[in-house]
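Asks: Pasting a structure below so you can have a look.
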Amino acid sequence: MADVFDVIKTRSSIRAYSSEKLTDEQVKTIIEAGLMAPTAINKQELHFTAIENDSDIVKEIQKDLNPDAKVPFHYGSSHLFIVSGSDDFGWTTIDAGIAVENMHLCAANMGLGSVIIGMIAGVLTCEKKAYYNEKLAIPEGYSYKIALIAGVPAGTKEPHTIDFEKNATIL
């Protein structure tokens, strides 16, 4: 297992994938990483849904998002992971962000590619929210918060550079 800081330094957002599918064990491990994330007052108010990206529901999301897109929102990755959370807990959005980062780092540690995405929020939270909640097994009283796509990368991408002096202050 890699050192966590090495994974953080070397991970990148991958937007090109092979056609190889994730295994059931890989999918389960990514979800477990999300489940292990801390939540405010240990509420554990998040729910995780994994869907293969060649499924009809993902095709429908793409159609509602942008049917004419040259590249699908999932960039040809194997799976879409939806993180949903309680509508009546004020910290849910932050908790979902923490969970999805755990999932992203877990995927990187397994040699997989992933991207944290928010672009489907408008589709999943607007007029068809109830429809998509049902199709994506989002529990009653929960809403889409954020998502991750993951799969076997088709190539590599350099991690982004940082500018500590510009973007950080130590008082």
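In the structure tokens, each chain is lettered A, B, ... as it comes, each chain's residues begin at 1, and ligands are numbered from 1 in order of appearance.
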Residues near Leu22 in chain A, anyone? I mean within 12 Å using only C-alpha atoms, not counting same-chain ones fewer than 3 positions away, as a list in words.

Replies: Tyr17, Ser18, Ser19, Glu25, Gln26, Val27, Lys28, Thr29, Ile30, Ala50, Ile51, Glu52, Asn53, Ser77, Ser78, His79, Leu80, Ala107, Met110, Gly111, Leu112, Gly113, Ser114, Ile149, Ala150, Gly151, Val152 and Pro153 of chain A

Asks: Just the selected residues (N, CA and C atoms), exported as a compact mmCIF listing (two decimals), in the first residue's frame, please.

Replies:
```txt
# COMPACT_ATOMS: atom_id res chain seq x y z
N TYR A 17 -10.46 6.69 -20.59
CA TYR A 17 -10.53 5.37 -19.97
C TYR A 17 -10.53 4.26 -21.01
N SER A 18 -10.01 3.11 -20.60
CA SER A 18 -10.11 1.91 -21.43
C SER A 18 -11.53 1.37 -21.32
N SER A 19 -11.85 0.40 -22.11
CA SER A 19 -13.19 -0.21 -22.06
C SER A 19 -13.30 -1.26 -20.96
N GLU A 25 -15.22 -6.24 -6.73
CA GLU A 25 -14.39 -5.94 -5.56
C GLU A 25 -13.87 -4.50 -5.60
N GLN A 26 -13.46 -4.03 -6.76
CA GLN A 26 -13.00 -2.64 -6.89
C GLN A 26 -14.14 -1.66 -6.59
N VAL A 27 -15.33 -1.94 -7.11
CA VAL A 27 -16.48 -1.08 -6.86
C VAL A 27 -16.78 -1.05 -5.36
N LYS A 28 -16.79 -2.21 -4.75
CA LYS A 28 -17.07 -2.29 -3.30
C LYS A 28 -16.01 -1.54 -2.50
N THR A 29 -14.76 -1.67 -2.87
CA THR A 29 -13.68 -1.00 -2.14
C THR A 29 -13.81 0.52 -2.24
N ILE A 30 -14.15 1.02 -3.41
CA ILE A 30 -14.33 2.47 -3.58
C ILE A 30 -15.49 2.96 -2.71
N ALA A 50 -23.64 2.91 -7.02
CA ALA A 50 -22.69 2.65 -8.11
C ALA A 50 -23.46 2.12 -9.31
N ILE A 51 -23.17 2.67 -10.49
CA ILE A 51 -23.86 2.31 -11.71
C ILE A 51 -22.83 2.15 -12.82
N GLU A 52 -22.97 1.09 -13.62
CA GLU A 52 -22.12 0.96 -14.80
C GLU A 52 -22.51 2.04 -15.80
N ASN A 53 -21.51 2.64 -16.42
CA ASN A 53 -21.76 3.78 -17.29
C ASN A 53 -22.36 3.44 -18.65
N SER A 77 -15.62 6.17 -18.73
CA SER A 77 -15.19 5.39 -17.57
C SER A 77 -16.13 4.21 -17.34
N SER A 78 -15.75 3.34 -16.47
CA SER A 78 -16.53 2.13 -16.18
C SER A 78 -17.77 2.41 -15.34
N HIS A 79 -17.60 3.19 -14.27
CA HIS A 79 -18.67 3.36 -13.29
C HIS A 79 -18.88 4.82 -12.88
N LEU A 80 -20.12 5.08 -12.52
CA LEU A 80 -20.53 6.35 -11.91
C LEU A 80 -20.92 6.04 -10.48
N ALA A 107 -9.34 5.11 -5.33
CA ALA A 107 -9.21 4.68 -6.73
C ALA A 107 -7.77 4.88 -7.21
N MET A 110 -5.46 2.28 -6.00
CA MET A 110 -5.65 0.99 -6.67
C MET A 110 -5.16 1.02 -8.12
N GLY A 111 -4.59 2.15 -8.56
CA GLY A 111 -4.12 2.26 -9.93
C GLY A 111 -5.22 2.58 -10.92
N LEU A 112 -6.37 3.01 -10.42
CA LEU A 112 -7.50 3.36 -11.27
C LEU A 112 -7.51 4.86 -11.51
N GLY A 113 -8.25 5.27 -12.49
CA GLY A 113 -8.46 6.68 -12.74
C GLY A 113 -9.82 7.09 -12.23
N SER A 114 -9.96 8.36 -11.88
CA SER A 114 -11.26 8.87 -11.44
C SER A 114 -11.28 10.39 -11.55
N ILE A 149 -16.60 9.51 -11.13
CA ILE A 149 -16.51 8.49 -12.17
C ILE A 149 -15.19 7.79 -11.98
N ALA A 150 -15.13 6.51 -12.29
CA ALA A 150 -13.89 5.76 -12.10
C ALA A 150 -13.80 4.64 -13.12
N GLY A 151 -12.58 4.30 -13.45
CA GLY A 151 -12.33 3.21 -14.38
C GLY A 151 -10.85 2.99 -14.57
N VAL A 152 -10.53 2.13 -15.51
CA VAL A 152 -9.14 1.84 -15.84
C VAL A 152 -8.67 2.92 -16.80
N PRO A 153 -7.64 3.67 -16.42
CA PRO A 153 -7.21 4.79 -17.27
C PRO A 153 -6.64 4.31 -18.61
```

Asks: For Thr161 in chain A, please output as a PyMOL selection string all residues within 12 Å (counting only C-alpha atoms; exclusion window: fewer than 5 positions along the same chain).

Replies: chain A and resi 9-12+167

Asks: When you draw a straight line from CA of Asp54 in chain A to CA of Gly76 in chain A, how long is it in Å?

Replies: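 Answer for the CA of Asp54 in chain A to CA of Gly76 in chain A separation: 8.6 Å.
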
Asks: Compare A:Ile117, A:Met103, A:Leu148, A:Val4 by their minimum atom-to-atom distance to Phe81 in chain A, counting only C-alpha atoms, and give me the closest one.

Replies: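 Using only C-alpha atoms, the shortest distance to Phe81 in chain A belongs to A:Leu148.
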
Asks: Excluding range 132-139 of chain A and any residue of its chain fewer than 3 positions from it, enumerate the residues within 12 Å of it, using only C-alpha atoms, and give them as a short mmCIF file (atom, residue, chain, number, x, y, z; two decimals) with all heavy atoms, in the first residue's frame.

Replies:
```cif
data_model
loop_
_atom_site.label_atom_id
_atom_site.label_comp_id
_atom_site.auth_asym_id
_atom_site.auth_seq_id
_atom_site.Cartn_x
_atom_site.Cartn_y
_atom_site.Cartn_z
N GLU A 45 -24.86 10.10 7.34
CA GLU A 45 -26.08 10.38 6.60
C GLU A 45 -25.92 10.29 5.10
O GLU A 45 -26.75 10.80 4.35
CB GLU A 45 -26.61 11.77 6.99
CG GLU A 45 -25.93 12.94 6.33
CD GLU A 45 -24.51 13.26 6.73
OE1 GLU A 45 -23.88 12.51 7.51
OE2 GLU A 45 -23.98 14.25 6.24
N LEU A 46 -24.87 9.65 4.64
CA LEU A 46 -24.63 9.56 3.21
C LEU A 46 -25.06 8.21 2.66
O LEU A 46 -25.07 7.20 3.37
CB LEU A 46 -23.16 9.78 2.91
CG LEU A 46 -22.58 11.12 3.37
CD1 LEU A 46 -21.09 11.17 3.10
CD2 LEU A 46 -23.29 12.28 2.71
N HIS A 47 -25.40 8.20 1.38
CA HIS A 47 -25.74 6.96 0.68
C HIS A 47 -24.95 6.94 -0.62
O HIS A 47 -24.74 7.97 -1.25
CB HIS A 47 -27.24 6.91 0.38
CG HIS A 47 -27.66 5.63 -0.25
ND1 HIS A 47 -27.75 5.47 -1.62
CD2 HIS A 47 -28.00 4.45 0.29
CE1 HIS A 47 -28.14 4.24 -1.88
NE2 HIS A 47 -28.29 3.59 -0.74
N PHE A 48 -24.52 5.75 -1.02
CA PHE A 48 -23.67 5.59 -2.20
C PHE A 48 -24.35 4.65 -3.19
O PHE A 48 -24.81 3.58 -2.82
CB PHE A 48 -22.31 5.03 -1.78
CG PHE A 48 -21.60 5.90 -0.79
CD1 PHE A 48 -21.86 5.78 0.58
CD2 PHE A 48 -20.72 6.87 -1.21
CE1 PHE A 48 -21.24 6.61 1.50
CE2 PHE A 48 -20.08 7.70 -0.30
CZ PHE A 48 -20.35 7.57 1.06
N THR A 49 -24.39 5.07 -4.44
CA THR A 49 -24.97 4.27 -5.51
C THR A 49 -23.92 4.14 -6.61
O THR A 49 -23.37 5.15 -7.06
CB THR A 49 -26.23 4.96 -6.11
OG1 THR A 49 -27.17 5.22 -5.06
CG2 THR A 49 -26.87 4.09 -7.17
N ALA A 50 -23.64 2.91 -7.02
CA ALA A 50 -22.69 2.65 -8.11
C ALA A 50 -23.46 2.12 -9.31
O ALA A 50 -24.30 1.24 -9.18
CB ALA A 50 -21.63 1.64 -7.68
N ILE A 51 -23.17 2.67 -10.49
CA ILE A 51 -23.86 2.31 -11.71
C ILE A 51 -22.83 2.15 -12.82
O ILE A 51 -21.94 2.99 -12.98
CB ILE A 51 -24.86 3.40 -12.15
CG1 ILE A 51 -25.72 3.89 -11.01
CG2 ILE A 51 -25.73 2.93 -13.31
CD1 ILE A 51 -25.38 5.28 -10.59
N GLU A 52 -22.97 1.09 -13.62
CA GLU A 52 -22.12 0.96 -14.80
C GLU A 52 -22.51 2.04 -15.80
O GLU A 52 -23.69 2.32 -16.00
CB GLU A 52 -22.24 -0.43 -15.42
CG GLU A 52 -21.56 -1.49 -14.59
CD GLU A 52 -21.43 -2.82 -15.32
OE1 GLU A 52 -21.54 -2.85 -16.57
OE2 GLU A 52 -21.21 -3.82 -14.63
N SER A 55 -25.12 1.74 -18.72
CA SER A 55 -26.51 1.44 -18.35
C SER A 55 -27.47 2.46 -18.98
O SER A 55 -27.08 3.58 -19.33
CB SER A 55 -26.68 1.46 -16.83
OG SER A 55 -26.54 2.78 -16.35
N ASP A 56 -28.73 2.06 -19.08
CA ASP A 56 -29.74 2.95 -19.66
C ASP A 56 -29.90 4.23 -18.85
O ASP A 56 -30.10 5.31 -19.42
CB ASP A 56 -31.08 2.23 -19.77
CG ASP A 56 -31.08 1.17 -20.87
OD1 ASP A 56 -30.20 1.23 -21.76
OD2 ASP A 56 -31.94 0.27 -20.83
N ILE A 57 -29.83 4.14 -17.52
CA ILE A 57 -30.05 5.33 -16.69
C ILE A 57 -28.93 6.35 -16.90
O ILE A 57 -29.18 7.56 -16.93
CB ILE A 57 -30.26 4.98 -15.19
CG1 ILE A 57 -30.78 6.19 -14.42
CG2 ILE A 57 -29.00 4.42 -14.57
CD1 ILE A 57 -32.14 6.67 -14.82
N VAL A 58 -27.70 5.89 -17.06
CA VAL A 58 -26.59 6.82 -17.32
C VAL A 58 -26.75 7.44 -18.71
O VAL A 58 -26.51 8.64 -18.89
CB VAL A 58 -25.23 6.13 -17.14
CG1 VAL A 58 -24.09 7.02 -17.60
CG2 VAL A 58 -25.02 5.73 -15.68
N GLU A 60 -29.57 8.05 -20.08
CA GLU A 60 -30.64 9.04 -19.92
C GLU A 60 -30.13 10.32 -19.25
O GLU A 60 -30.52 11.42 -19.65
CB GLU A 60 -31.79 8.43 -19.11
CG GLU A 60 -33.01 9.29 -19.09
CD GLU A 60 -34.23 8.60 -18.52
OE1 GLU A 60 -34.18 7.39 -18.22
OE2 GLU A 60 -35.24 9.30 -18.35
N ILE A 61 -29.27 10.17 -18.26
CA ILE A 61 -28.67 11.35 -17.62
C ILE A 61 -27.91 12.16 -18.68
O ILE A 61 -28.03 13.38 -18.76
CB ILE A 61 -27.75 10.96 -16.45
CG1 ILE A 61 -28.56 10.36 -15.30
CG2 ILE A 61 -26.93 12.17 -15.97
CD1 ILE A 61 -27.71 9.69 -14.22
N ASP A 64 -30.33 14.03 -20.88
CA ASP A 64 -30.90 15.20 -20.21
C ASP A 64 -29.85 16.29 -19.97
O ASP A 64 -30.19 17.47 -19.95
CB ASP A 64 -31.54 14.80 -18.87
CG ASP A 64 -32.86 14.07 -19.06
OD1 ASP A 64 -33.43 14.13 -20.17
OD2 ASP A 64 -33.31 13.43 -18.10
N LEU A 80 -20.12 5.08 -12.52
CA LEU A 80 -20.53 6.35 -11.91
C LEU A 80 -20.92 6.04 -10.48
O LEU A 80 -21.68 5.10 -10.22
CB LEU A 80 -21.73 6.92 -12.67
CG LEU A 80 -22.48 8.09 -12.04
CD1 LEU A 80 -21.60 9.33 -11.95
CD2 LEU A 80 -23.75 8.40 -12.85
N PHE A 81 -20.35 6.80 -9.55
CA PHE A 81 -20.68 6.66 -8.12
C PHE A 81 -21.40 7.92 -7.69
O PHE A 81 -20.83 9.01 -7.74
CB PHE A 81 -19.41 6.49 -7.28
CG PHE A 81 -18.65 5.23 -7.58
CD1 PHE A 81 -17.74 5.18 -8.63
CD2 PHE A 81 -18.83 4.09 -6.81
CE1 PHE A 81 -17.03 4.03 -8.91
CE2 PHE A 81 -18.12 2.93 -7.08
CZ PHE A 81 -17.22 2.89 -8.13
N ILE A 82 -22.65 7.78 -7.28
CA ILE A 82 -23.45 8.90 -6.81
C ILE A 82 -23.36 8.94 -5.29
O ILE A 82 -23.61 7.94 -4.62
CB ILE A 82 -24.93 8.74 -7.22
CG1 ILE A 82 -25.09 8.64 -8.73
CG2 ILE A 82 -25.79 9.85 -6.60
CD1 ILE A 82 -24.90 9.91 -9.47
N VAL A 83 -23.04 10.10 -4.74
CA VAL A 83 -23.08 10.30 -3.30
C VAL A 83 -24.31 11.18 -3.03
O VAL A 83 -24.39 12.31 -3.51
CB VAL A 83 -21.80 10.99 -2.77
CG1 VAL A 83 -21.89 11.14 -1.24
CG2 VAL A 83 -20.56 10.21 -3.18
N SER A 84 -25.25 10.62 -2.30
CA SER A 84 -26.44 11.38 -1.93
C SER A 84 -26.45 11.53 -0.41
O SER A 84 -25.76 10.79 0.29
CB SER A 84 -27.72 10.70 -2.42
OG SER A 84 -27.82 9.38 -1.93
N GLY A 85 -27.22 12.49 0.05
CA GLY A 85 -27.25 12.72 1.49
C GLY A 85 -28.55 13.32 1.95
O GLY A 85 -29.37 13.80 1.15
N SER A 86 -28.71 13.32 3.24
CA SER A 86 -29.92 13.80 3.89
C SER A 86 -30.21 15.25 3.52
O SER A 86 -29.32 16.09 3.50
CB SER A 86 -29.74 13.68 5.41
OG SER A 86 -30.81 14.29 6.08
N ASP A 87 -31.50 15.51 3.24
CA ASP A 87 -31.93 16.87 2.92
C ASP A 87 -32.04 17.76 4.15
O ASP A 87 -32.13 18.97 4.02
CB ASP A 87 -33.30 16.85 2.22
CG ASP A 87 -33.22 16.24 0.83
OD1 ASP A 87 -32.15 16.32 0.20
OD2 ASP A 87 -34.24 15.69 0.37
N ILE A 120 -23.56 16.93 -13.25
CA ILE A 120 -24.88 16.31 -13.42
C ILE A 120 -25.87 16.77 -12.35
O ILE A 120 -27.02 16.35 -12.35
CB ILE A 120 -24.78 14.77 -13.45
CG1 ILE A 120 -24.15 14.22 -12.16
CG2 ILE A 120 -24.00 14.32 -14.68
CD1 ILE A 120 -24.11 12.70 -12.09
N ALA A 121 -25.44 17.66 -11.47
CA ALA A 121 -26.31 18.14 -10.39
C ALA A 121 -27.61 18.73 -10.92
O ALA A 121 -28.69 18.46 -10.38
CB ALA A 121 -25.58 19.16 -9.53
N GLY A 122 -27.53 19.54 -11.95
CA GLY A 122 -28.73 20.17 -12.50
C GLY A 122 -29.74 19.16 -13.00
O GLY A 122 -30.95 19.36 -12.86
N VAL A 123 -29.27 18.07 -13.56
CA VAL A 123 -30.17 17.02 -14.05
C VAL A 123 -30.81 16.27 -12.90
O VAL A 123 -32.01 15.99 -12.90
CB VAL A 123 -29.40 16.04 -14.98
CG1 VAL A 123 -30.25 14.84 -15.34
CG2 VAL A 123 -28.91 16.77 -16.23
N LEU A 124 -30.02 15.95 -11.88
CA LEU A 124 -30.49 15.08 -10.80
C LEU A 124 -31.24 15.80 -9.69
O LEU A 124 -31.82 15.15 -8.81
CB LEU A 124 -29.32 14.30 -10.21
CG LEU A 124 -28.56 13.39 -11.18
CD1 LEU A 124 -27.48 12.61 -10.45
CD2 LEU A 124 -29.49 12.46 -11.93
N THR A 125 -31.22 17.13 -9.70
CA THR A 125 -31.86 17.87 -8.60
C THR A 125 -32.99 18.79 -9.06
O THR A 125 -33.53 19.54 -8.25
CB THR A 125 -30.82 18.70 -7.82
OG1 THR A 125 -30.21 19.65 -8.70
CG2 THR A 125 -29.77 17.81 -7.19
N CYS A 126 -33.34 18.75 -10.33
CA CYS A 126 -34.37 19.68 -10.84
C CYS A 126 -35.70 18.96 -11.04
O CYS A 126 -36.07 18.14 -10.22
CB CYS A 126 -33.88 20.34 -12.11
SG CYS A 126 -32.54 21.51 -11.77
N GLU A 127 -36.38 19.25 -12.14
CA GLU A 127 -37.74 18.77 -12.32
C GLU A 127 -37.87 17.25 -12.33
O GLU A 127 -38.94 16.72 -12.02
CB GLU A 127 -38.39 19.37 -13.57
CG GLU A 127 -37.77 18.96 -14.88
CD GLU A 127 -36.65 19.89 -15.33
OE1 GLU A 127 -36.35 20.88 -14.65
OE2 GLU A 127 -36.06 19.60 -16.38
N LYS A 128 -36.81 16.52 -12.66
CA LYS A 128 -36.87 15.05 -12.67
C LYS A 128 -36.22 14.43 -11.43
O LYS A 128 -35.87 13.26 -11.43
CB LYS A 128 -36.21 14.52 -13.95
CG LYS A 128 -37.03 14.83 -15.21
CD LYS A 128 -36.33 14.37 -16.47
CE LYS A 128 -36.38 12.87 -16.65
NZ LYS A 128 -35.81 12.45 -17.97
N LYS A 129 -36.08 15.22 -10.38
CA LYS A 129 -35.41 14.73 -9.17
C LYS A 129 -36.05 13.44 -8.64
O LYS A 129 -35.35 12.46 -8.37
CB LYS A 129 -35.42 15.80 -8.07
CG LYS A 129 -34.80 15.31 -6.77
CD LYS A 129 -34.89 16.33 -5.67
CE LYS A 129 -34.40 15.71 -4.38
NZ LYS A 129 -34.56 16.58 -3.25
N TYR A 142 -33.41 12.16 0.74
CA TYR A 142 -32.02 12.38 0.33
C TYR A 142 -32.00 13.02 -1.04
O TYR A 142 -32.95 12.90 -1.81
CB TYR A 142 -31.26 11.05 0.26
CG TYR A 142 -30.75 10.54 1.58
CD1 TYR A 142 -31.56 10.46 2.71
CD2 TYR A 142 -29.44 10.11 1.70
CE1 TYR A 142 -31.07 9.97 3.91
CE2 TYR A 142 -28.95 9.62 2.90
CZ TYR A 142 -29.77 9.56 3.99
OH TYR A 142 -29.29 9.07 5.17
N SER A 143 -30.88 13.65 -1.37
CA SER A 143 -30.67 14.26 -2.69
C SER A 143 -29.23 13.99 -3.15
O SER A 143 -28.33 13.80 -2.32
CB SER A 143 -30.86 15.77 -2.63
OG SER A 143 -32.16 16.12 -2.27
N TYR A 144 -29.06 14.07 -4.46
CA TYR A 144 -27.72 14.03 -5.05
C TYR A 144 -26.88 15.14 -4.44
O TYR A 144 -27.34 16.27 -4.29
CB TYR A 144 -27.82 14.23 -6.56
CG TYR A 144 -26.50 14.57 -7.22
CD1 TYR A 144 -25.68 13.58 -7.70
CD2 TYR A 144 -26.08 15.89 -7.34
CE1 TYR A 144 -24.46 13.90 -8.30
CE2 TYR A 144 -24.87 16.21 -7.93
CZ TYR A 144 -24.07 15.21 -8.40
OH TYR A 144 -22.86 15.53 -8.98
N LYS A 145 -25.64 14.83 -4.09
CA LYS A 145 -24.71 15.85 -3.58
C LYS A 145 -23.49 16.01 -4.49
O LYS A 145 -23.07 17.12 -4.79
CB LYS A 145 -24.24 15.51 -2.16
CG LYS A 145 -25.38 15.43 -1.14
CD LYS A 145 -26.14 16.73 -1.05
CE LYS A 145 -27.33 16.63 -0.12
NZ LYS A 145 -28.25 17.73 -0.22
#
```

Asks: I need the residues of chain A that end up classed as helix (DSSP H, G or I) by DSSP on the backbone, written out as a PyMOL selection string.

Replies: chain A and resi 4-10+24-35+40-42+56-65+92-109+121-125+129-135+164-167

Asks: Between CA of Ala154 in chain A and CA of Gln62 in chain A, what is the distance in Å, rounded to a tenth?

Replies: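 Straight-line distance from CA of Ala154 in chain A to CA of Gln62 in chain A works out to 21.4 Å.
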